[in-house]
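Visitor: Quick one, protein30.pdb (PDB, C-alpha atoms):
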ATOM      1  CA  MET A  86       0.040   0.466   0.720
ATOM      2  CA  GLN A  87      -2.085   3.571   0.069
ATOM      3  CA  THR A  88       0.721   5.907   1.140
ATOM      4  CA  TRP A  89       3.130   4.017  -1.121
ATOM      5  CA  ALA A  90       0.674   4.484  -4.020
ATOM      6  CA  ALA A  91       0.357   8.200  -3.199
ATOM      7  CA  LYS A  92       4.150   8.601  -3.236
ATOM      8  CA  LYS A  93       4.349   6.776  -6.572
ATOM      9  CA  ALA A  94       1.585   8.948  -8.082
ATOM     10  CA  ALA A  95       3.209  12.136  -6.750
ATOM     11  CA  GLY A  96       6.572  11.023  -8.157
ATOM     12  CA  TYR A  97       5.032  10.236 -11.538
ATOM     13  CA  LEU A  98       3.295  13.642 -11.727
ATOM     14  CA  SER A  99       6.453  15.395 -10.538
ATOM     15  CA  ASP A 100       8.361  13.820 -13.443
ATOM     16  CA  LYS A 101       5.663  14.553 -16.025
ATOM     17  CA  LEU A 102       5.057  18.150 -14.893
ATOM     18  CA  GLN A 103       8.769  18.738 -14.159
ATOM     19  CA  THR A 104       8.099  20.188 -10.726
ATOM     20  CA  LYS A 105       7.825  18.982  -7.133
ATOM     21  CA  ILE A 106       4.555  17.390  -6.008
ATOM     22  CA  ASP A 107       4.349  15.617  -2.690
ATOM     23  CA  ILE A 108       1.753  13.767  -0.626
ATOM     24  CA  LYS A 109       2.821  12.696   2.857
ATOM     25  CA  SER A 110       0.012  10.191   3.266
ATOM     26  CA  LEU A 111      -3.200   9.068   1.677
ATOM     27  CA  TYR A 112      -6.246   7.364   3.095
ATOM     28  CA  VAL A 113      -8.775   5.816   0.731
ATOM     29  CA  GLU A 114     -12.066   4.248   1.686
ATOM     30  CA  PRO A 115     -13.050   2.637  -1.624
ATOM     31  CA  PHE A 116     -15.888   4.404  -3.445
ATOM     32  CA  SER A 117     -16.636   6.790  -0.591
ATOM     33  CA  SER A 118     -13.713   8.961   0.535
ATOM     34  CA  VAL A 119     -10.150  10.102  -0.044
ATOM     35  CA  VAL A 120      -8.021  12.073   2.429
ATOM     36  CA  LEU A 121      -4.689  13.611   1.394
ATOM     37  CA  ASP A 122      -2.331  14.729   4.156
ATOM     38  CA  SER A 123       0.412  17.281   3.524
ATOM     39  CA  PHE A 124      -0.223  17.765  -0.194
ATOM     40  CA  TYR A 125       1.733  20.417  -2.066
ATOM     41  CA  VAL A 126       2.654  21.470  -5.600
ATOM     42  CA  LEU A 127       5.463  23.805  -6.619
ATOM     43  CA  ASP A 128       5.254  26.006  -9.728
ATOM     44  CA  LYS A 129       8.012  26.206 -12.357
ATOM     45  CA  GLN A 130       9.801  28.944 -10.375
ATOM     46  CA  LYS A 131       9.881  26.585  -7.347
ATOM     47  CA  ASP A 132       7.370  28.724  -5.412
ATOM     48  CA  THR A 133       4.525  26.977  -3.610
ATOM     49  CA  LEU A 134       1.499  26.945  -5.910
ATOM     50  CA  LEU A 135      -0.721  24.834  -3.634
ATOM     51  CA  SER A 136      -0.195  23.533  -0.137
ATOM     52  CA  THR A 137      -2.681  21.927   2.194
ATOM     53  CA  PRO A 138      -2.150  19.915   5.364
ATOM     54  CA  LYS A 139      -5.448  18.112   4.756
ATOM     55  CA  LEU A 140      -7.806  17.688   1.802
ATOM     56  CA  THR A 141     -10.872  15.485   2.250
ATOM     57  CA  VAL A 142     -13.199  14.339  -0.543
ATOM     58  CA  ASN A 143     -16.301  12.270   0.268
ATOM     59  CA  LEU A 144     -18.464  10.749  -2.444
ATOM     60  CA  ASN A 145     -22.164   9.999  -2.121
ATOM     61  CA  GLU A 146     -23.402   6.647  -3.442
ATOM     62  CA  PHE A 147     -20.523   6.154  -5.879
ATOM     63  CA  SER A 148     -20.693   2.894  -7.769
ATOM     64  CA  LEU A 149     -17.854   1.785 -10.000
ATOM     65  CA  PHE A 150     -20.321   0.521 -12.578
ATOM     66  CA  SER A 151     -23.379   2.776 -12.515
ATOM     67  CA  SER A 152     -21.598   6.058 -11.678
ATOM     68  CA  ILE A 153     -19.128   5.684 -14.522
ATOM     69  CA  LYS A 154     -21.788   4.381 -16.920
ATOM     70  CA  ASN A 155     -24.080   7.308 -16.067
ATOM     71  CA  ARG A 156     -21.068   9.681 -15.963
ATOM     72  CA  LYS A 157     -22.138  11.081 -12.608
ATOM     73  CA  ILE A 158     -20.154  11.935  -9.482
ATOM     74  CA  ASP A 159     -21.827  13.302  -6.365
ATOM     75  CA  PHE A 160     -19.376  14.993  -4.000
ATOM     76  CA  SER A 161     -21.059  14.942  -0.614
ATOM     77  CA  LEU A 162     -18.137  16.856   0.931
ATOM     78  CA  ILE A 163     -14.956  18.526  -0.220
ATOM     79  CA  GLN A 164     -13.086  19.955   2.742
ATOM     80  CA  LEU A 165      -9.883  21.971   2.602
ATOM     81  CA  ASP A 166      -8.217  22.799   5.910
ATOM     82  CA  ASN A 167      -5.455  25.386   6.452
ATOM     83  CA  GLY A 168      -4.335  25.422   2.833
ATOM     84  CA  SER A 169      -2.779  28.079   0.660
ATOM     85  CA  VAL A 170      -2.624  28.975  -3.034
ATOM     86  CA  TYR A 171      -0.340  31.498  -4.686
ATOM     87  CA  LEU A 172      -1.341  32.391  -8.259
ATOM     88  CA  LYS A 173       0.840  34.671 -10.358
ATOM     89  CA  LYS A 174       0.330  36.243 -13.741
ATOM     90  CA  GLN A 175       3.793  36.263 -15.292
ATOM     91  CA  LYS A 176       5.429  38.938 -17.428
ATOM     92  CA  ASP A 177       4.632  36.797 -20.513
ATOM     93  CA  SER A 178       0.876  36.947 -19.623
ATOM     94  CA  THR A 179       0.675  33.263 -18.626
ATOM     95  CA  THR A 180      -0.024  32.132 -15.087
ATOM     96  CA  ASN A 181       2.070  29.906 -12.868
ATOM     97  CA  LEU A 182      -0.798  27.388 -13.160
ATOM     98  CA  GLN A 183      -0.673  27.225 -16.976
ATOM     99  CA  PHE A 184       1.766  24.295 -17.133
ATOM    100  CA  ILE A 185      -0.728  22.101 -15.228
ATOM    101  CA  ILE A 186      -3.656  23.226 -17.388
ATOM    102  CA  ASP A 187      -1.622  22.488 -20.528
ATOM    103  CA  TYR A 188      -0.658  19.019 -19.284
ATOM    104  CA  PHE A 189      -4.240  17.934 -18.615
ATOM    105  CA  LYS A 190      -5.736  19.676 -21.648
ATOM    106  CA  SER A 191      -6.958  17.368 -24.389
ATOM    107  CA  ALA A 192      -4.887  17.530 -27.553
ATOM    108  CA  ASP A 193      -7.992  17.059 -29.708
ATOM    109  CA  THR A 194     -11.023  18.991 -28.507
ATOM    110  CA  THR A 195     -13.217  17.716 -31.367
ATOM    111  CA  LYS A 196     -13.401  14.154 -30.034
ATOM    112  CA  THR A 197     -16.326  13.195 -27.851
ATOM    113  CA  SER A 198     -16.510  10.443 -25.302
ATOM    114  CA  ALA A 199     -17.859   7.028 -26.216
ATOM    115  CA  THR A 200     -21.247   7.924 -24.796
ATOM    116  CA  GLY A 201     -21.122  11.530 -25.995
ATOM    117  CA  LYS A 202     -22.589  12.486 -22.643
ATOM    118  CA  PRO A 203     -20.724  14.951 -20.406
ATOM    119  CA  TRP A 204     -19.979  14.143 -16.789
ATOM    120  CA  LYS A 205     -22.494  15.432 -14.286
ATOM    121  CA  MET A 206     -20.871  16.573 -11.067
ATOM    122  CA  GLU A 207     -22.866  17.506  -8.007
ATOM    123  CA  PHE A 208     -21.306  19.453  -5.156
ATOM    124  CA  GLU A 209     -23.394  19.061  -2.009
ATOM    125  CA  LYS A 210     -21.033  20.740   0.431
ATOM    126  CA  ILE A 211     -17.664  22.439   0.190
ATOM    127  CA  ALA A 212     -16.015  23.507   3.439
ATOM    128  CA  ILE A 213     -12.968  25.762   3.350
ATOM    129  CA  ASN A 214     -11.316  26.438   6.692
ATOM    130  CA  ASN A 215      -8.617  29.062   7.292
ATOM    131  CA  PHE A 216      -7.382  29.293   3.703
ATOM    132  CA  HIS A 217      -4.704  31.714   2.448
ATOM    133  CA  PHE A 218      -5.055  32.956  -1.143
ATOM    134  CA  ARG A 219      -2.551  35.199  -2.894
ATOM    135  CA  TYR A 220      -2.620  36.572  -6.432
ATOM    136  CA  LYS A 221      -0.002  38.804  -8.024
ATOM    137  CA  ASN A 222      -0.258  40.254 -11.537
ATOM    138  CA  LYS A 223       3.377  40.903 -12.491
ATOM    139  CA  LEU A 224       2.267  42.930 -15.523
ATOM    140  CA  VAL A 225       0.949  45.688 -13.235
ATOM    141  CA  ASP A 226       2.841  47.404 -10.436
ATOM    142  CA  THR A 227       0.570  49.733  -8.504
ATOM    143  CA  PHE A 228       0.146  50.519  -4.855
ATOM    144  CA  MET A 229      -3.352  51.086  -3.484
ATOM    145  CA  LYS A 230      -4.738  51.510  -0.006
ATOM    146  CA  GLN A 231      -7.991  49.806  -1.029
ATOM    147  CA  VAL A 232      -8.323  46.238  -2.352
ATOM    148  CA  ASN A 233      -5.903  45.863  -5.260
ATOM    149  CA  PHE A 234      -7.160  43.040  -7.502
ATOM    150  CA  ASP A 235      -3.721  42.848  -9.145
ATOM    151  CA  ASP A 236      -2.069  42.149  -5.783
ATOM    152  CA  LEU A 237      -4.416  40.227  -3.473
ATOM    153  CA  ASP A 238      -3.490  38.633  -0.189
ATOM    154  CA  VAL A 239      -6.527  37.057   1.491
ATOM    155  CA  LYS A 240      -6.038  35.316   4.830
ATOM    156  CA  ASN A 241      -8.357  33.447   7.180
ATOM    157  CA  PHE A 242     -10.709  32.628   4.301
ATOM    158  CA  SER A 243     -13.399  30.266   5.531
ATOM    159  CA  ALA A 244     -16.762  29.375   4.039
ATOM    160  CA  VAL A 245     -19.305  26.617   3.677
ATOM    161  CA  ILE A 246     -20.853  26.336   0.229
ATOM    162  CA  LYS A 247     -23.816  24.039  -0.315
ATOM    163  CA  ASN A 248     -25.463  22.909  -3.549
ATOM    164  CA  MET A 249     -22.930  24.608  -5.802
ATOM    165  CA  ASP A 250     -24.001  24.824  -9.473
ATOM    166  CA  LEU A 251     -21.352  25.617 -12.080
ATOM    167  CA  LYS A 252     -23.216  24.036 -14.990
ATOM    168  CA  ASN A 253     -26.217  26.343 -15.290
ATOM    169  CA  HIS A 254     -24.540  29.410 -13.764
ATOM    170  CA  LEU A 255     -21.127  31.011 -13.581
ATOM    171  CA  PHE A 256     -21.517  30.331  -9.867
ATOM    172  CA  LYS A 257     -24.575  29.543  -7.789
ATOM    173  CA  GLY A 258     -24.614  28.193  -4.270
ATOM    174  CA  ASP A 259     -25.704  28.716  -0.705
ATOM    175  CA  ILE A 260     -22.827  30.401   1.128
ATOM    176  CA  SER A 261     -22.656  30.515   4.900
ATOM    177  CA  ASN A 262     -20.133  31.768   7.426
ATOM    178  CA  LEU A 263     -17.926  33.428   4.784
ATOM    179  CA  THR A 264     -15.045  35.114   6.569
ATOM    180  CA  LEU A 265     -11.890  36.683   5.116
ATOM    181  CA  ARG A 266      -9.276  39.364   5.691
ATOM    182  CA  GLU A 267      -7.520  41.116   2.808
ATOM    183  CA  LYS A 268      -4.183  42.869   3.369
ATOM    184  CA  SER A 269      -5.749  46.260   2.563
ATOM    185  CA  GLY A 270      -7.803  45.966   5.751
ATOM    186  CA  PHE A 271     -10.988  44.790   3.990
ATOM    187  CA  TYR A 272     -12.693  42.342   6.364
ATOM    188  CA  ILE A 273     -15.776  40.178   5.976
ATOM    189  CA  LYS A 274     -17.080  38.485   9.101
ATOM    190  CA  LYS A 275     -19.771  35.791   8.827
ATOM    191  CA  PHE A 276     -21.398  36.662   5.504
ATOM    192  CA  ASN A 277     -24.332  34.484   4.387
ATOM    193  CA  ALA A 278     -25.908  34.516   0.916
TER
END
When written as structure tokens, how does the structure in this file appear?
Guide:
Amino acid sequence: MQTWAAKKAAGYLSDKLQTKIDIKSLYVEPFSSVVLDSFYVLDKQKDTLLSTPKLTVNLNEFSLFSSIKNRKIDFSLIQLDNGSVYLKKQKDSTTNLQFIIDYFKSADTTKTSATGKPWKMEFEKIAINNFHFRYKNKLVDTFMKQVNFDDLDVKNFSAVIKNMDLKNHLFKGDISNLTLREKSGFYIKKFNA
């Protein structure tokens, strides 16, 4: 039943976003965890935007009534295994992710929620294992021997991030075992901060 629901949701989003979105299977343990197997999203040019064999999200003490009333979600674990993302800045200065951002963006940003209180999200632990991240700025065409931030290709990206804070800081968190290899030869092995 859960896999059927995942296929229906993926089909609905595929129609609305006019692209291909697929989820092979879904496992839901009510109010505590969700696991997506073989999840992927294509961009408008039919290139893979996001692909992951397994995405796990565990919630801590989620209650349908009190969590929604208090507008609070505590993610005890978000784990992404062997996934990949390919972001592109197009010749028209938009990104290949823009169509998704536009779809989920509120039409009226002046309205507030019924409670007027923003959602509080806590991120206890994020584990990323063997991730592949690519970014290409199609407005710039340069070749560099060092890291080229307009043409990144990062492989074997792994990290554990605990107590991430995006509300009070641009980014704050305890990072351990950060490892990555960039195509320029730049290599980080087991960085902790």
Visitor: Please write as a ChimeraX atom specification the full residue list that the PyMOL selection byres ((chain A and resi 215-225) around 8) yields on this file.
Guide: /A:165-176,178,213-214,226-227,234-243
Visitor: Under the rule that only C-alpha atoms are counted, which of A:Ile163, A:Leu98, A:Asp128, A:Leu251 is the nearest residue to Phe189 in chain A?
Guide: A:Leu98
Visitor: Written as an MDAnalysis selection string, what is the full residue list that the PyMOL selection byres ((chain A and resi 211) around 9) yields on the file shown?
Guide: chainID A and resid 160:165 208:210 212:213 244:249
Visitor: If you measure from CA of Ser269 in chain A to CA of Asn233 in chain A, what distance in Å do you get, rounded to one decimal?
Guide: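 One can read the CA of Ser269 in chain A to CA of Asn233 in chain A distance as 7.8 Å.
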Visitor: The PyMOL selection byres ((chain A and resi 91) around 9) - which residues does that actually catch in the file I just gave you? List them as a list of chain:residue names.
Guide: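 So the PyMOL selection byres ((chain A and resi 91) around 9) ends up selecting A:Met86, A:Gln87, A:Thr88, A:Trp89, A:Ala90, A:Lys92, A:Lys93, A:Ala94, A:Ala95, A:Gly96, A:Asp107, A:Ile108, A:Lys109, A:Ser110, A:Leu111, A:Leu121.
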Visitor: Can you sort out the box for range 228-239 of chain A, edges along x, y and z, all listed atoms in, 5 Å on every side, with centre and edge lengths in Å to one decimal, as lines of an AutoDock Vina configuration file?
Guide:
center_x = -4.1
center_y = 44.3
center_z = -3.8
size_x = 18.5
size_y = 24.5
size_z = 20.6
Visitor: Pick out the closest residue to Asn145 in chain A from this set: A:Tyr97, A:Ile186, A:Met206, A:Asp132. Count only C-alpha atoms.
Guide: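 Among the listed residues, A:Met206 lies closest to Asn145 in chain A.
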Visitor: Find the residues near Leu127 in chain A: any atom within 10 Å, counting all atoms listed in the file, skip ones fewer than 4 places away on the same chain, and give them as a PyMOL selection string.
Guide: chain A and resi 99+103-107+131-136+171+181-182
Visitor: Counting all atoms listed in the file, which residue out of A:Lys252, A:Val120, A:Arg266, A:Ile260 sits closest to Ala278 in chain A?
Guide: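 With all atoms listed in the file as the atom set, the closest residue is A:Ile260.
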Visitor: Quick one: pull the distance between CA of Leu144 in chain A and CA of Phe276 in chain A, Å, one decimal.
Guide: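 CA of Phe276 in chain A lies 27.3 Å from CA of Leu144 in chain A.
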Visitor: Rounded to one decimal, what separation in Å do you get between CA of Tyr112 in chain A and CA of Phe184 in chain A?
Guide: 27.6 Å
